[in-house]
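Q: As input, take upload15.txt (compact mmCIF, N, CA and C atoms):
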# COMPACT_ATOMS: atom_id res chain seq x y z
N MET A 150 69.03 65.33 109.55
CA MET A 150 68.89 66.74 109.29
C MET A 150 69.44 67.58 110.46
N ARG A 151 69.17 67.11 111.71
CA ARG A 151 69.68 67.84 112.86
C ARG A 151 71.20 67.77 112.92
N GLU A 152 71.75 66.67 112.49
CA GLU A 152 73.21 66.53 112.48
C GLU A 152 73.84 67.49 111.47
N PHE A 153 73.15 67.68 110.35
CA PHE A 153 73.64 68.63 109.34
C PHE A 153 73.65 70.04 109.92
N LYS A 154 72.61 70.41 110.67
CA LYS A 154 72.55 71.74 111.30
C LYS A 154 73.68 71.91 112.31
N LYS A 155 73.96 70.86 113.09
CA LYS A 155 75.05 70.93 114.06
C LYS A 155 76.39 71.09 113.35
N LEU A 156 76.57 70.34 112.28
CA LEU A 156 77.81 70.42 111.50
C LEU A 156 77.96 71.81 110.88
N GLN A 157 76.86 72.33 110.34
CA GLN A 157 76.86 73.66 109.72
C GLN A 157 77.23 74.72 110.75
N THR A 158 76.63 74.63 111.93
CA THR A 158 76.92 75.59 113.00
C THR A 158 78.37 75.46 113.46
N ALA A 159 78.84 74.23 113.58
CA ALA A 159 80.22 74.01 114.02
C ALA A 159 81.23 74.57 113.03
N LEU A 160 80.89 74.56 111.76
CA LEU A 160 81.82 75.08 110.76
C LEU A 160 81.71 76.59 110.58
N LEU A 161 80.50 77.12 110.69
CA LEU A 161 80.30 78.55 110.44
C LEU A 161 80.77 79.43 111.59
N CYS A 162 80.57 79.01 112.81
CA CYS A 162 80.93 79.84 113.96
C CYS A 162 82.42 80.21 113.98
N PRO A 163 83.33 79.26 113.84
CA PRO A 163 84.75 79.66 113.82
C PRO A 163 85.10 80.56 112.63
N ALA A 164 84.45 80.32 111.49
CA ALA A 164 84.72 81.16 110.31
C ALA A 164 84.26 82.58 110.56
N LEU A 165 83.10 82.76 111.16
CA LEU A 165 82.60 84.10 111.46
C LEU A 165 83.47 84.80 112.50
N LEU A 166 83.94 84.08 113.48
CA LEU A 166 84.84 84.66 114.48
C LEU A 166 86.15 85.10 113.85
N ALA A 167 86.65 84.31 112.92
CA ALA A 167 87.90 84.67 112.24
C ALA A 167 87.71 85.92 111.40
N LEU A 168 86.57 86.05 110.74
CA LEU A 168 86.29 87.25 109.95
C LEU A 168 86.16 88.48 110.83
N ALA A 169 85.53 88.32 111.98
CA ALA A 169 85.35 89.44 112.89
C ALA A 169 86.69 89.93 113.44
N ALA A 170 87.67 89.05 113.53
CA ALA A 170 88.98 89.42 114.08
C ALA A 170 89.87 90.14 113.07
N LEU A 171 89.50 90.11 111.79
CA LEU A 171 90.32 90.78 110.78
C LEU A 171 90.27 92.29 110.97
N PRO A 172 91.37 93.00 110.69
CA PRO A 172 91.36 94.45 110.84
C PRO A 172 90.47 95.09 109.77
N ALA A 173 89.83 96.18 110.16
CA ALA A 173 88.95 96.88 109.22
C ALA A 173 89.78 97.58 108.16
N ARG A 174 89.32 97.55 106.93
CA ARG A 174 89.99 98.24 105.82
C ARG A 174 89.46 99.65 105.73
N SER A 175 90.30 100.56 105.28
CA SER A 175 89.87 101.94 105.13
C SER A 175 88.90 102.04 103.96
N ALA A 176 87.99 103.02 104.07
CA ALA A 176 86.98 103.19 103.04
C ALA A 176 87.54 103.90 101.82
N GLY A 177 88.63 104.66 101.97
CA GLY A 177 89.18 105.43 100.87
C GLY A 177 90.23 104.67 100.09
N PRO A 178 90.73 105.27 99.02
CA PRO A 178 91.72 104.61 98.19
C PRO A 178 93.13 104.60 98.79
N CYS A 179 93.34 105.30 99.90
CA CYS A 179 94.67 105.34 100.51
C CYS A 179 94.82 104.21 101.51
N ASP A 180 95.92 103.51 101.44
CA ASP A 180 96.26 102.55 102.47
C ASP A 180 97.69 102.82 102.92
N SER A 181 98.21 102.02 103.80
CA SER A 181 99.50 102.31 104.42
C SER A 181 100.67 102.36 103.45
N ASN A 182 100.59 101.68 102.31
CA ASN A 182 101.72 101.69 101.37
C ASN A 182 101.35 102.31 100.03
N SER A 183 100.36 103.17 100.01
CA SER A 183 99.95 103.82 98.78
C SER A 183 100.95 104.92 98.41
N GLU A 184 101.28 105.00 97.14
CA GLU A 184 102.21 106.02 96.66
C GLU A 184 101.49 107.15 95.93
N SER A 185 100.19 107.20 96.02
CA SER A 185 99.41 108.24 95.37
C SER A 185 99.79 109.61 95.93
N ALA A 186 99.83 110.62 95.06
CA ALA A 186 100.16 111.97 95.50
C ALA A 186 99.13 112.49 96.49
N TRP A 187 97.87 112.11 96.29
CA TRP A 187 96.81 112.52 97.23
C TRP A 187 97.06 111.92 98.61
N CYS A 188 97.49 110.68 98.65
CA CYS A 188 97.70 109.99 99.93
C CYS A 188 98.97 110.48 100.63
N ARG A 189 99.96 110.81 99.87
CA ARG A 189 101.25 111.24 100.39
C ARG A 189 101.22 112.69 100.88
N ALA A 190 100.34 113.50 100.35
CA ALA A 190 100.34 114.94 100.58
C ALA A 190 100.05 115.32 102.02
N LYS A 191 100.86 116.21 102.55
CA LYS A 191 100.67 116.75 103.89
C LYS A 191 100.49 118.26 103.87
N THR A 192 101.05 118.92 102.84
CA THR A 192 100.97 120.38 102.77
C THR A 192 100.50 120.81 101.38
N ILE A 193 99.78 121.93 101.36
CA ILE A 193 99.34 122.50 100.08
C ILE A 193 99.70 123.97 100.03
N PHE A 194 99.94 124.43 98.82
CA PHE A 194 100.24 125.83 98.55
C PHE A 194 99.18 126.33 97.58
N ILE A 195 98.63 127.51 97.85
CA ILE A 195 97.58 128.07 96.99
C ILE A 195 98.18 129.20 96.17
N CYS A 196 97.98 129.11 94.87
CA CYS A 196 98.53 130.09 93.93
C CYS A 196 97.40 130.64 93.08
N ALA A 197 97.07 131.91 93.25
CA ALA A 197 96.02 132.54 92.46
C ALA A 197 96.65 133.22 91.25
N ARG A 198 96.28 132.79 90.08
CA ARG A 198 96.77 133.38 88.84
C ARG A 198 95.75 134.37 88.29
N SER A 199 95.00 134.98 89.19
CA SER A 199 93.98 135.94 88.79
C SER A 199 93.91 137.05 89.83
N GLY A 200 93.70 138.25 89.38
CA GLY A 200 93.54 139.38 90.29
C GLY A 200 92.14 139.47 90.86
N PHE A 201 91.25 138.57 90.45
CA PHE A 201 89.86 138.61 90.89
C PHE A 201 89.60 137.78 92.15
N MET A 202 90.63 137.18 92.69
CA MET A 202 90.50 136.46 93.97
C MET A 202 91.83 136.53 94.71
N ARG A 203 91.75 136.31 96.02
CA ARG A 203 92.95 136.35 96.84
C ARG A 203 93.20 134.99 97.47
N GLU A 204 94.48 134.63 97.57
CA GLU A 204 94.85 133.34 98.18
C GLU A 204 94.34 133.23 99.61
N ALA A 205 94.44 134.34 100.36
CA ALA A 205 94.05 134.31 101.77
C ALA A 205 92.58 133.95 101.94
N GLU A 206 91.74 134.41 101.05
CA GLU A 206 90.30 134.09 101.14
C GLU A 206 90.05 132.61 100.86
N LEU A 207 90.76 132.06 99.89
CA LEU A 207 90.61 130.64 99.59
C LEU A 207 91.19 129.80 100.73
N GLU A 208 92.32 130.23 101.29
CA GLU A 208 92.89 129.53 102.44
C GLU A 208 91.88 129.47 103.58
N ARG A 209 91.26 130.61 103.86
CA ARG A 209 90.28 130.68 104.95
C ARG A 209 89.10 129.76 104.68
N ALA A 210 88.62 129.76 103.44
CA ALA A 210 87.48 128.91 103.09
C ALA A 210 87.81 127.43 103.21
N ILE A 211 89.03 127.04 102.86
CA ILE A 211 89.43 125.63 102.96
C ILE A 211 89.63 125.23 104.42
N VAL A 212 90.30 126.08 105.20
CA VAL A 212 90.59 125.77 106.59
C VAL A 212 89.30 125.65 107.41
N GLN A 213 88.25 126.35 107.03
CA GLN A 213 86.99 126.29 107.76
C GLN A 213 86.25 124.98 107.56
N LYS A 214 86.64 124.18 106.58
CA LYS A 214 85.98 122.91 106.31
C LYS A 214 86.43 121.88 107.35
N PRO A 215 85.49 121.22 108.04
CA PRO A 215 85.88 120.22 109.04
C PRO A 215 86.63 119.04 108.43
N GLU A 216 86.31 118.71 107.19
CA GLU A 216 86.99 117.59 106.51
C GLU A 216 88.47 117.88 106.31
N PHE A 217 88.81 119.15 106.10
CA PHE A 217 90.20 119.52 105.90
C PHE A 217 90.99 119.27 107.19
N ALA A 218 90.42 119.64 108.31
CA ALA A 218 91.10 119.41 109.60
C ALA A 218 91.28 117.91 109.83
N LYS A 219 90.29 117.10 109.47
CA LYS A 219 90.38 115.65 109.66
C LYS A 219 91.42 115.02 108.75
N SER A 220 91.69 115.66 107.61
CA SER A 220 92.65 115.09 106.65
C SER A 220 94.08 115.17 107.14
N GLY A 221 94.36 116.06 108.09
CA GLY A 221 95.71 116.21 108.61
C GLY A 221 96.60 117.07 107.72
N MET A 222 96.05 117.66 106.69
CA MET A 222 96.83 118.50 105.79
C MET A 222 97.00 119.90 106.38
N LEU A 223 98.02 120.59 105.91
CA LEU A 223 98.30 121.96 106.33
C LEU A 223 98.48 122.82 105.09
N ILE A 224 98.23 124.11 105.24
CA ILE A 224 98.47 125.06 104.16
C ILE A 224 99.78 125.77 104.45
N THR A 225 100.64 125.83 103.45
CA THR A 225 101.93 126.50 103.60
C THR A 225 101.97 127.73 102.70
N ARG A 226 102.77 128.70 103.10
CA ARG A 226 102.95 129.89 102.28
C ARG A 226 104.23 129.80 101.45
N ASN A 227 104.96 128.69 101.59
CA ASN A 227 106.20 128.49 100.85
C ASN A 227 105.99 127.39 99.82
N ARG A 228 106.05 127.75 98.55
CA ARG A 228 105.78 126.79 97.48
C ARG A 228 106.74 125.60 97.52
N LYS A 229 107.99 125.84 97.89
CA LYS A 229 108.99 124.76 97.91
C LYS A 229 108.69 123.70 98.96
N ASN A 230 107.96 124.07 100.01
CA ASN A 230 107.62 123.12 101.07
C ASN A 230 106.31 122.36 100.81
N ALA A 231 105.64 122.68 99.74
CA ALA A 231 104.32 122.10 99.48
C ALA A 231 104.40 120.76 98.77
N ASP A 232 103.48 119.87 99.13
CA ASP A 232 103.34 118.60 98.41
C ASP A 232 102.40 118.77 97.22
N LEU A 233 101.35 119.56 97.41
CA LEU A 233 100.39 119.86 96.35
C LEU A 233 100.30 121.36 96.15
N VAL A 234 100.08 121.77 94.90
CA VAL A 234 99.88 123.18 94.58
C VAL A 234 98.47 123.32 94.01
N LEU A 235 97.69 124.25 94.57
CA LEU A 235 96.37 124.55 94.04
C LEU A 235 96.49 125.83 93.23
N GLU A 236 96.35 125.71 91.93
CA GLU A 236 96.41 126.88 91.06
C GLU A 236 95.01 127.27 90.64
N VAL A 237 94.71 128.56 90.76
CA VAL A 237 93.40 129.06 90.37
C VAL A 237 93.60 130.06 89.25
N ARG A 238 92.91 129.83 88.15
CA ARG A 238 92.96 130.74 87.00
C ARG A 238 91.55 131.16 86.63
N ARG A 239 91.44 132.35 86.06
CA ARG A 239 90.16 132.84 85.58
C ARG A 239 90.23 132.98 84.07
N LYS A 240 89.24 132.44 83.41
CA LYS A 240 89.16 132.56 81.97
C LYS A 240 88.84 134.02 81.62
N PRO A 241 89.62 134.64 80.72
CA PRO A 241 89.42 136.07 80.41
C PRO A 241 87.99 136.37 79.92
N PHE A 242 87.47 137.49 80.40
CA PHE A 242 86.16 138.02 80.01
C PHE A 242 85.00 137.12 80.39
N THR A 243 85.21 136.25 81.38
CA THR A 243 84.14 135.38 81.87
C THR A 243 84.16 135.37 83.40
N SER A 244 83.24 134.65 83.98
CA SER A 244 83.22 134.45 85.43
C SER A 244 83.63 133.02 85.78
N GLN A 245 84.26 132.31 84.84
CA GLN A 245 84.70 130.93 85.03
C GLN A 245 86.09 130.88 85.65
N PHE A 246 86.21 130.11 86.74
CA PHE A 246 87.49 129.90 87.40
C PHE A 246 87.83 128.42 87.32
N THR A 247 89.10 128.12 87.09
CA THR A 247 89.56 126.74 87.03
C THR A 247 90.51 126.49 88.19
N LEU A 248 90.24 125.42 88.93
CA LEU A 248 91.10 124.99 90.03
C LEU A 248 91.88 123.77 89.58
N SER A 249 93.21 123.87 89.59
CA SER A 249 94.07 122.76 89.20
C SER A 249 94.88 122.32 90.41
N VAL A 250 94.96 121.02 90.64
CA VAL A 250 95.77 120.47 91.72
C VAL A 250 96.97 119.78 91.09
N ILE A 251 98.17 120.22 91.47
CA ILE A 251 99.41 119.74 90.85
C ILE A 251 100.27 119.06 91.91
N ASP A 252 100.78 117.89 91.57
CA ASP A 252 101.74 117.20 92.43
C ASP A 252 103.07 117.92 92.27
N GLN A 253 103.52 118.56 93.33
CA GLN A 253 104.73 119.39 93.28
C GLN A 253 105.97 118.57 92.96
N ARG A 254 106.04 117.35 93.48
CA ARG A 254 107.23 116.53 93.30
C ARG A 254 107.42 116.11 91.85
N ARG A 255 106.34 115.67 91.21
CA ARG A 255 106.45 115.18 89.83
C ARG A 255 105.95 116.18 88.80
N GLN A 256 105.41 117.30 89.24
CA GLN A 256 104.89 118.34 88.35
C GLN A 256 103.85 117.80 87.37
N ILE A 257 102.89 117.02 87.90
CA ILE A 257 101.81 116.52 87.07
C ILE A 257 100.47 116.95 87.65
N LEU A 258 99.52 117.12 86.77
CA LEU A 258 98.17 117.49 87.16
C LEU A 258 97.46 116.26 87.70
N ILE A 259 96.94 116.36 88.93
CA ILE A 259 96.25 115.21 89.52
C ILE A 259 94.77 115.48 89.76
N GLY A 260 94.32 116.71 89.52
CA GLY A 260 92.91 117.02 89.67
C GLY A 260 92.60 118.39 89.12
N SER A 261 91.38 118.56 88.65
CA SER A 261 90.97 119.84 88.11
C SER A 261 89.45 119.96 88.18
N ASP A 262 88.97 121.18 88.40
CA ASP A 262 87.54 121.43 88.42
C ASP A 262 87.30 122.89 88.03
N ARG A 263 86.06 123.20 87.70
CA ARG A 263 85.71 124.53 87.23
C ARG A 263 84.51 125.04 88.02
N SER A 264 84.53 126.33 88.37
CA SER A 264 83.42 126.95 89.09
C SER A 264 83.12 128.31 88.48
N ASN A 265 81.93 128.78 88.79
CA ASN A 265 81.46 130.06 88.27
C ASN A 265 81.22 130.99 89.45
N SER A 266 81.63 132.25 89.33
CA SER A 266 81.49 133.19 90.44
C SER A 266 80.15 133.90 90.44
N ILE A 267 79.29 133.61 89.49
CA ILE A 267 77.97 134.25 89.47
C ILE A 267 77.18 133.80 90.69
N GLY A 268 76.59 134.75 91.39
CA GLY A 268 75.76 134.43 92.54
C GLY A 268 76.51 134.41 93.86
N GLY A 269 77.70 134.93 93.90
CA GLY A 269 78.43 134.96 95.17
C GLY A 269 79.93 134.96 94.98
N HIS A 270 80.61 134.79 96.08
CA HIS A 270 82.07 134.76 96.06
C HIS A 270 82.57 133.43 95.51
N ILE A 271 83.70 133.46 94.85
CA ILE A 271 84.25 132.26 94.22
C ILE A 271 85.00 131.39 95.22
N GLU A 272 85.58 131.96 96.26
CA GLU A 272 86.43 131.21 97.18
C GLU A 272 85.71 130.03 97.84
N PRO A 273 84.50 130.21 98.40
CA PRO A 273 83.82 129.05 99.00
C PRO A 273 83.48 127.96 97.97
N LYS A 274 83.19 128.36 96.77
CA LYS A 274 82.88 127.38 95.71
C LYS A 274 84.13 126.57 95.36
N LEU A 275 85.27 127.25 95.26
CA LEU A 275 86.53 126.54 94.96
C LEU A 275 86.94 125.65 96.13
N ALA A 276 86.69 126.10 97.35
CA ALA A 276 86.99 125.27 98.53
C ALA A 276 86.14 123.99 98.50
N ASN A 277 84.87 124.12 98.13
CA ASN A 277 84.01 122.94 98.01
C ASN A 277 84.51 122.00 96.92
N ASP A 278 84.96 122.57 95.80
CA ASP A 278 85.50 121.75 94.71
C ASP A 278 86.73 120.98 95.17
N PHE A 279 87.62 121.66 95.90
CA PHE A 279 88.83 120.99 96.39
C PHE A 279 88.48 119.88 97.37
N MET A 280 87.52 120.15 98.26
CA MET A 280 87.14 119.13 99.24
C MET A 280 86.50 117.92 98.56
N LYS A 281 85.76 118.13 97.48
CA LYS A 281 85.20 117.00 96.73
C LYS A 281 86.31 116.14 96.15
N MET A 282 87.33 116.78 95.58
CA MET A 282 88.47 116.04 95.04
C MET A 282 89.21 115.29 96.15
N LEU A 283 89.39 115.94 97.29
CA LEU A 283 90.09 115.33 98.41
C LEU A 283 89.34 114.10 98.92
N ARG A 284 88.02 114.23 99.07
CA ARG A 284 87.20 113.09 99.52
C ARG A 284 87.28 111.93 98.53
N ALA A 285 87.26 112.24 97.26
CA ALA A 285 87.25 111.18 96.24
C ALA A 285 88.58 110.46 96.12
N ASN A 286 89.67 111.13 96.47
CA ASN A 286 90.99 110.57 96.23
C ASN A 286 91.78 110.19 97.47
N ARG A 287 91.25 110.47 98.63
CA ARG A 287 92.03 110.22 99.86
C ARG A 287 91.32 109.29 100.78
So, in terms of structure tokens, how does the structure I just supplied come out?
A:
Amino acid sequence: MREFKKLQTALLCPALLALAALPARSAGPCDSNSESAWCRAKTIFICARSGFMREAELERAIVQKPEFAKSGMLITRNRKNADLVLEVRRKPFTSQFTLSVIDQRRQILIGSDRSNSIGGHIEPKLANDFMKMLRANR
């Protein structure tokens, strides 16, 4: 029985050391060769399709998020330079706003969420929605 324990220890120790030496994998879906639009994106452009909110307010709300700074992304004012476009629309005669994230290169929708402006300003709510999408996909 003692010999079995010695053999078990002799086999397990090198295996555990080898596992400890492996590089840590990232917790998110992005890795070094991922082609996802979320992973590739470095710049975003904000486009408000409603007169009930301003791009500058949403920009400010997003930039104030610490997670945004950690992501390494930047906000651009030139749509042609953007990797992602954030479009905000308001449903007529309601307080419902829709945030759509579009991959500029392929012109496809890669994320969408909806918020309500009742009870405060819409910009911080939309910034939170965008950060949730960013966390989930990056």
Q: Need to verify the contact set: Thr225 of chain A, 8 Å, only N, CA and C atoms, exclusion of same-chain residues closer than 4 positions in sequence. Can you return it as a ChimeraX atom specification?
A: /A:191-195,229-232
Q: Can you pull out every residue within 8 Å of Ala186 of chain A, counting all atoms listed in the file, but drop anything in the same chain fewer than 3 positions away, and send it as a PyMOL selection string?
A: chain A and resi 183+189-191+232-233+251-253+259+286
Q: For each of A:Pro215, A:Ile257, A:Arg284, A:Ala197, take the minimum atom-to-atom distance to Val237 of chain A, counting all atoms listed in the file, then give the residue where this is smallest.
A: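 Looking at the shortest contact to Val237 of chain A, the residue is A:Ala197.
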Q: Rounded to one decimal place, report the atom CA of Ser264 of chain A-atom C of Gln245 of chain A distance in Å.
A: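 It comes out at 5.9 Å.
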Q: List every protein, DNA or RNA residue that has an atom no more than 8 Å from (89.0, 125.3, 83.8) in the file's coordinate frame, counting only N, CA and C atoms, and report them as a list in words.
A: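 Residues lying no farther than 8 Å from the given point: Arg238, Arg239, Lys240, Gln245, Phe246, Thr247, Leu248, Ser249, Ser261, Asp262, Arg263 and Ser264 of chain A.
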Q: Counting only N, CA and C atoms, figure out which residue out of A:Met280, A:Ile267, A:Ala285, A:Glu272 gets nearest to Arg209 of chain A.
A: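 Checking each of A:Met280, A:Ile267, A:Ala285, A:Glu272 against Arg209 of chain A, counting only N, CA and C atoms, the winner is A:Glu272.
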Q: Can you tell me how far atom C of Ile271 of chain A sits from atom N of Ala210 of chain A, in Å to one decimal?
A: 9.1 Å
Q: Interatomic distance between atom CA of Phe279 of chain A and atom CA of Leu235 of chain A?
A: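 Computing it gives 8.7 Å between the two atoms.
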